Amino acid sequence: MPLSHYRAKPMLPVANRPVIDYAVGRLNAAGIRDISFALGYRPGDIMEYISGYVDIRPSFVCDEIPLGTAGSVKRAAAGVSGEIVVLSADTICGSDISALVRRHRESGAAVTVETAEAEDLGAFGAVRSEGGFMTEICEKCAGLKGRRGVANAGTYVVDTRVLSYVPDGVPFDFARDLFPLLLSLGERIAVCPCGGYWKDIGSLRDYYDANFEAAEMYFPSARHIRRVWNCRRGGSLIAETAVVRGTVKDCVIGDGAVVAGSARLEKCVVLPGEFADASACGEIVGGKFELSPMLGNVNLQNSENPTEIFRLFASIEL
């Protein structure tokens with residue numbers, strides 16, 4: 001929040017690609033074409049975008065009530081046997097899924113979990129392992145806040161038989177519920193370190209940083225009929241559909257955005273379709289606000305309803 005107030009988080013652009021596009025690109029690069037999308041918040045936003053892919057065969061499951069990660073996947077995988085790959089759609093990762101699948105098959109485990117080094121284990125699932133197999137997982141434990149270590153990266157290879165442990169109709173998560181249950185039953189969960197870039201965009205600061213980090217890297221993509229192409233201008237990444245009249249330095253300018261001649265922007269992310277006509281540095285520029293993920297500054301001068309926007313920020317810890 002507040003960015004996810006206007007669009008589903010998987011549809012937030014990172015380096016001018018929706019976050020979900022990175023997940024689909026990873027799957028496509030591994031030869032996976034049949035993809036089921038387990039949707040909850042603002043599903044129409046995602047379904048409309050997914051319909052433009054050329055290289056995949058999509059299906060959709062929409063949860064009327066939240067069922068948790070494992071509960072949603074169980075619904076989406078109904079009728080499927082064997083192994084499935086599960087990805088989070090709010091994470092950007094550049095590792096090879098094929099390597100994760102090979103590790104799963106070689107290990108003979110019920111589940112294989114991709115892991116990554118994290119600066120703050122309190123924000124993720126902390127994973128302990130021995131000999132390549134998980135021994136313990138602690139999901140978002142307050143006592144680990146600020147500690148660096150090995151975290152659950154949110155990509156799994158799952159033998160669908162273990163989904164029988166997931167109860168129907170109630171919230172049930174992989175990391176919080178299913179994995180501890182499997183370990184208690186003696187099932188083996190293999191771990192596989194992430195072999196590339198990994199970033200969770202669960203905070204405004206991480207979302208801001210991901211835009212500039214991803215802009216300097218290559219990630220596989222699947223063909224899309226509405227693909228937005230970008231150009232480089234100096235140190236900025238600018239969508240070809242954007243109109244830039246002002247000065248931009250080291251910025252990411254989104255699809256259809258307009259930077260007026262009066263604007264002077266540095267290290268800013270201008271969201272798609274937005275209009276920037278002032279000076280800003282280190283900010284995310286949206287239609288109702290400008291915010292600094294690093295300093296916590298919020299500029300509401302362009303908001304038609306500052307009271308409503310302030311309410312959205314009231315519970316946010318930048």
# chains A, B, ... in the order shown; residues from 1 in each chain; ligands from 1
>>> select_by_dssp(residues="segment 104-241 of chain A", states="strand (DSSP E or B)", output="PyMOL selection string")
chain A and resi 111-118+125-130+133-139+149-159+189-193+198-200+224+230-233+236-239
>>> atom_distance(atom1="atom CA of Glu139 of chain A", atom2="atom CA of Asp177 of chain A")
9.3 Å
>>> closest_residue(among="A:Tyr6, A:Tyr41, A:Tyr22, A:Phe133", to="Phe219 of chain A", atoms="only C-alpha atoms")
A:Tyr22
>>> atom_distance(atom1="atom CA of Asn152 of chain A", atom2="atom CA of Pro18 of chain A")
22.4 Å
>>> closest_residue(among="A:Ala175, A:Arg42, A:Val158, A:Val111", to="Ala126 of chain A", atoms="only C-alpha atoms")
A:Ala175
>>> closest_residue(among="A:Asp173, A:Asp45, A:Glu117, A:Asp63", to="Ser4 of chain A", atoms="only C-alpha atoms")
A:Asp45
>>> select_by_dssp(residues="segment 60-137 of chain A", states="alpha helix (DSSP H)", output="PDB file with C-alpha atoms, in the first residue's frame")
ATOM      1  CA  GLY A  68      -3.784 -19.214   1.930  1.00  0.00           C
ATOM      2  CA  THR A  69      -1.004 -20.163  -0.454  1.00  0.00           C
ATOM      3  CA  ALA A  70      -1.383 -23.939  -0.132  1.00  0.00           C
ATOM      4  CA  GLY A  71      -5.182 -23.797  -0.141  1.00  0.00           C
ATOM      5  CA  SER A  72      -5.247 -21.757  -3.332  1.00  0.00           C
ATOM      6  CA  VAL A  73      -2.714 -24.008  -5.046  1.00  0.00           C
ATOM      7  CA  LYS A  74      -4.702 -27.106  -4.092  1.00  0.00           C
ATOM      8  CA  ARG A  75      -7.754 -25.646  -5.878  1.00  0.00           C
ATOM      9  CA  ALA A  76      -5.693 -24.604  -8.880  1.00  0.00           C
ATOM     10  CA  ILE A  97      13.585 -23.383 -12.766  1.00  0.00           C
ATOM     11  CA  SER A  98      14.943 -26.370 -14.695  1.00  0.00           C
ATOM     12  CA  ALA A  99      17.763 -26.652 -12.140  1.00  0.00           C
ATOM     13  CA  LEU A 100      15.221 -26.633  -9.308  1.00  0.00           C
ATOM     14  CA  VAL A 101      13.231 -29.406 -10.978  1.00  0.00           C
ATOM     15  CA  ARG A 102      16.400 -31.494 -11.456  1.00  0.00           C
ATOM     16  CA  ARG A 103      17.263 -31.089  -7.784  1.00  0.00           C
ATOM     17  CA  HIS A 104      13.753 -32.222  -6.857  1.00  0.00           C
ATOM     18  CA  ARG A 105      13.900 -35.345  -8.988  1.00  0.00           C
ATOM     19  CA  GLU A 106      17.385 -36.288  -7.815  1.00  0.00           C
ATOM     20  CA  SER A 107      16.472 -35.820  -4.137  1.00  0.00           C
TER      21      SER A 107
END
>>> closest_atom_pairs(of="segment 56-149 of chain A", to="segment 46-50 of chain A", cutoff="10 Å", atoms="only C-alpha atoms", output="Markdown table")
| residue | atom | partner | partner_atom | distance |
| --- | --- | --- | --- | --- |
| A:Ile56 | CA | A:Ile50 | CA | 9.1 |
| A:Arg57 | CA | A:Ile50 | CA | 9.7 |
| A:Pro58 | CA | A:Ile50 | CA | 7.5 |
| A:Ser59 | CA | A:Met47 | CA | 9.2 |
| A:Phe60 | CA | A:Met47 | CA | 7.8 |
>>> atom_distance(atom1="atom CA of Cys93 of chain A", atom2="atom CA of Ser164 of chain A")
28.6 Å
